[in-house]
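S.K.: Quick one: the structure is below, and I'll ask about it shortly.
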Amino acid sequence: MAINSRTELPGDRLNSRALNLHNMPKKPVASISKQQTPLDLLRTLYEGAIAGAAAGVVVEAVLYPIDTIKTRLQAVRGGGQIILKGLYSGLAGNLAGVLPASAIFVGVYEPTKRKLLESFPENLSALAHLTAGAIGGAVSSIVRVPTEVVKQRMQTGQFASAPDAVRLIVAKEGFRGLYAGYGSFLLRDLPFDAIQFCLYEQLRMGYKLAAKRDLKDPENAMIGAFAGAITGAITIPLDVIKTRLMIQGSTKQYEGILHCVSSIVKEEGASTLFKGIGARVLWIGIGGSIFFGVLEKVKQLVAAKDRVD
């Protein structure tokens, strides 16, 4: 996507500045921090939240069946067969959770990235992106985990609707039931978010440096697809563990992350930790293309509207 000086976000300007400083003596990017104001941070948060919400909802709506197949592959034990009916089970409830969760994630990520890029030397921009991704994931997990618990239990046929799922989970397991597998979720999503966004940002910066121009929409989408597919493949064992812990409900088949891993390896074999890798790579690869493509476009549109207003 071509982003001109009229529409780019402050955070994107910092990335461009980091590229321009490539051949200059290394100095902290913090030297430009005096130009920043609290209003800039609030604007970045607002624009990021709008863009994140739009991107998250589009990805979930388009790719939900692939996610359902992936969840069912990971949930089935032994040589059991998965059911290919009801691939949109839980979509409406999931969208209701994804919208605020994605808004929170990107709304936190963008201003955090911006402040870290101001503070770190320009040759440590990757660390800024890694840290911002992890922080965004941690904050948004407050909404993302209950959304994921309800979604995956509906995908595996345990409940007919999101309201019923929430009500029965709380009745049987307490409020903590909505945060089942929270530790495994963080174990999967913090490195996932950090690596995916770092890969995307660094590849985007490198591409712009090589091309000596701003990126077009298809190029942003292509880089997002690559970053998503690589990160999805790397984190597949963590995703399997998270799925098993989230869907077990009150049966408490697994006592925790380590017990889950040892039980799976002992009873089903180590290869089970890679179940659903094809569906996950496909889902997150295509999802990364859509998410980052929509994200950059909406950021551009929202920033342009703000400047007109």
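Each chain in the structure tokens gets a letter, A, B, ..., in the order shown, and its residues are numbered from 1; ligands are numbered from 1 in order too.
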Find the residues around range 254-271 of chain A up to 12 Å (only C-alpha atoms counted), leave out those fewer than 3 positions away in its own chain, and share them as a VMD selection string.

M.R.: chain A and resid 74 to 80 180 to 188 236 to 251 274 to 277

S.K.: Generate a file of the selected residues that holds C-alpha atoms, formatted as a CSV table (one decimal), in the first residue's frame.

M.R.:
```
chain,number,residue,atom,x,y,z
A,74,GLN,CA,-6.5,-30.9,17.5
A,75,ALA,CA,-9.3,-31.9,19.8
A,76,VAL,CA,-9.9,-35.4,18.4
A,77,ARG,CA,-8.0,-38.2,20.2
A,78,GLY,CA,-6.3,-41.1,18.5
A,79,GLY,CA,-7.6,-42.0,15.1
A,80,GLY,CA,-11.0,-40.4,15.6
A,180,ALA,CA,-9.4,-22.0,31.2
A,181,GLY,CA,-6.0,-22.5,29.6
A,182,TYR,CA,-5.0,-18.9,30.3
A,183,GLY,CA,-1.4,-19.9,30.9
A,184,SER,CA,-1.2,-21.9,27.7
A,185,PHE,CA,-2.8,-19.1,25.8
A,186,LEU,CA,-0.2,-16.7,26.9
A,187,LEU,CA,2.5,-19.3,26.3
A,188,ARG,CA,1.3,-19.5,22.7
A,236,ILE,CA,1.7,-25.2,16.4
A,237,PRO,CA,2.6,-27.4,19.4
A,238,LEU,CA,1.7,-24.5,21.7
A,239,ASP,CA,-1.6,-24.2,19.9
A,240,VAL,CA,-2.4,-27.9,20.3
A,241,ILE,CA,-1.7,-27.6,24.1
A,242,LYS,CA,-3.9,-24.5,24.4
A,243,THR,CA,-6.8,-26.1,22.5
A,244,ARG,CA,-6.7,-29.3,24.7
A,245,LEU,CA,-6.7,-27.2,28.0
A,246,MET,CA,-9.4,-24.9,26.8
A,247,ILE,CA,-11.9,-27.5,25.7
A,248,GLN,CA,-11.5,-30.0,28.6
A,249,GLY,CA,-14.1,-28.2,30.7
A,250,SER,CA,-14.9,-29.6,34.2
A,251,THR,CA,-13.5,-33.0,33.3
A,274,PHE,CA,1.6,-31.0,15.3
A,275,LYS,CA,-2.0,-31.9,14.6
A,276,GLY,CA,-3.7,-29.3,12.4
A,277,ILE,CA,-0.5,-27.7,11.2
```

S.K.: Can you tell me which residues surround Ala53 in chain A at a distance of at most 9 Å, considering only C-alpha atoms, apart from same-chain residues fewer than 5 positions away, and format the answer as number ranges by chain?

M.R.: A: 48, 58, 98-106, 295

S.K.: Restrict the selected residues to N, CA, C and O atoms and save them as a CSV table (one decimal), in the first residue's frame.

M.R.:
```csv
chain,number,residue,atom,x,y,z
A,48,GLY,N,-5.2,3.0,15.6
A,48,GLY,CA,-4.9,1.6,15.7
A,48,GLY,C,-6.1,0.7,16.1
A,48,GLY,O,-6.3,-0.4,15.6
A,58,VAL,N,-12.8,-8.9,9.9
A,58,VAL,CA,-12.8,-9.4,8.5
A,58,VAL,C,-12.1,-10.8,8.4
A,58,VAL,O,-12.6,-11.7,7.8
A,98,VAL,N,-14.0,-10.8,19.2
A,98,VAL,CA,-12.8,-10.5,18.4
A,98,VAL,C,-12.7,-9.0,18.1
A,98,VAL,O,-11.6,-8.4,18.1
A,99,LEU,N,-13.9,-8.3,17.9
A,99,LEU,CA,-13.9,-6.9,17.6
A,99,LEU,C,-13.2,-6.1,18.7
A,99,LEU,O,-12.2,-5.4,18.5
A,100,PRO,N,-13.6,-6.2,20.0
A,100,PRO,CA,-12.9,-5.4,21.1
A,100,PRO,C,-11.5,-5.9,21.3
A,100,PRO,O,-10.6,-5.1,21.6
A,101,ALA,N,-11.3,-7.3,21.2
A,101,ALA,CA,-9.9,-7.8,21.4
A,101,ALA,C,-8.9,-7.3,20.4
A,101,ALA,O,-7.8,-6.9,20.8
A,102,SER,N,-9.3,-7.3,19.1
A,102,SER,CA,-8.4,-6.8,18.1
A,102,SER,C,-8.2,-5.3,18.2
A,102,SER,O,-7.1,-4.8,18.0
A,103,ALA,N,-9.3,-4.6,18.6
A,103,ALA,CA,-9.1,-3.1,18.8
A,103,ALA,C,-8.1,-2.8,20.0
A,103,ALA,O,-7.3,-2.0,19.8
A,104,ILE,N,-8.3,-3.6,21.0
A,104,ILE,CA,-7.4,-3.4,22.2
A,104,ILE,C,-5.9,-3.7,21.8
A,104,ILE,O,-5.0,-3.0,22.1
A,105,PHE,N,-5.7,-4.9,21.1
A,105,PHE,CA,-4.4,-5.3,20.7
A,105,PHE,C,-3.7,-4.2,19.9
A,105,PHE,O,-2.6,-3.8,20.2
A,106,VAL,N,-4.3,-3.8,18.8
A,106,VAL,CA,-3.6,-2.9,17.9
A,106,VAL,C,-3.6,-1.5,18.5
A,106,VAL,O,-2.6,-0.7,18.4
A,295,LEU,N,-5.5,-3.8,7.8
A,295,LEU,CA,-5.0,-3.0,8.8
A,295,LEU,C,-4.3,-1.7,8.2
A,295,LEU,O,-4.7,-0.6,8.6
```

S.K.: Need the shell around Gly287 in chain A: protein/DNA/RNA residues with any atom at most 8 Å away, counting only C-alpha atoms. Skip same-chain ones fewer than 3 positions apart. Format as an mmCIF file with C-alpha atoms, in the first residue's frame?

M.R.:
```
data_model
loop_
_atom_site.group_PDB
_atom_site.id
_atom_site.type_symbol
_atom_site.label_atom_id
_atom_site.label_comp_id
_atom_site.auth_asym_id
_atom_site.auth_seq_id
_atom_site.Cartn_x
_atom_site.Cartn_y
_atom_site.Cartn_z
ATOM 1 C CA VAL A 59 -10.290 -12.230 9.056
ATOM 2 C CA LEU A 63 -11.630 -17.807 7.551
ATOM 3 C CA ALA A 225 0.937 -13.766 4.665
ATOM 4 C CA GLY A 228 1.681 -15.282 9.537
ATOM 5 C CA TRP A 283 -5.550 -20.121 8.124
ATOM 6 C CA ILE A 284 -2.912 -17.790 9.560
ATOM 7 C CA ILE A 290 -6.043 -10.161 4.962
ATOM 8 C CA PHE A 291 -5.326 -8.784 8.440
#
```

S.K.: Could you tell me, as a PyMOL selection string, which residues of range 54-289 of chain A DSSP assigns to helix (DSSP H, G or I) when given the backbone?

M.R.: chain A and resi 54-75+91-119+122-155+162-173+175-179+182-211+217-234+236-247+249-251+257-268+270-274+277-289

S.K.: As a list of chain:residue names, please: the residues near Gln202 in chain A (cut-off 10 Å, only C-alpha atoms, same-chain neighbours under 2 positions excluded).

M.R.: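 The filter keeps A:Asn15, A:Ser125, A:Ala126, A:His129, A:Phe197, A:Cys198, A:Leu199, A:Tyr200, A:Arg204, A:Met205, A:Gly206, A:Tyr207, A:Lys208, A:Ile223, A:Ala227.
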
S.K.: I want to know what sits within 8 Å of Val143 in chain A, based on only C-alpha atoms, with residues of the same chain fewer than 2 positions away left out; could you give that as a CSV table (one decimal) with C-alpha atoms, in the first residue's frame?

M.R.:
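Saved as part10.csv:
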```
chain,number,residue,atom,x,y,z
A,97,GLY,CA,-15.3,-10.9,21.2
A,100,PRO,CA,-12.9,-5.4,21.1
A,101,ALA,CA,-9.9,-7.8,21.4
A,140,SER,CA,-5.8,-8.0,24.9
A,141,SER,CA,-5.7,-11.5,26.5
A,145,VAL,CA,-9.1,-15.7,26.3
A,146,PRO,CA,-12.9,-15.9,27.2
A,147,THR,CA,-13.6,-15.4,23.5
```

S.K.: Which polymer residues have any atom within 9 Å of an atom of Asn220 in chain A, counting only C-alpha atoms, with same-chain residues fewer than 6 positions away left out, as an MDAnalysis selection string?

M.R.: chainID A and resid 1 200 204 289 292:293 296

S.K.: Interatomic distance between CA of Ala303 in chain A and CA of Glu122 in chain A?

M.R.: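 Distance between the two atoms: 24.8 Å.
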
S.K.: Rounded to one decimal in Å, what is the spacing between CA of Pro111 in chain A and CA of Gly133 in chain A?

M.R.: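 Here the two named atoms are 11.1 Å from each other.
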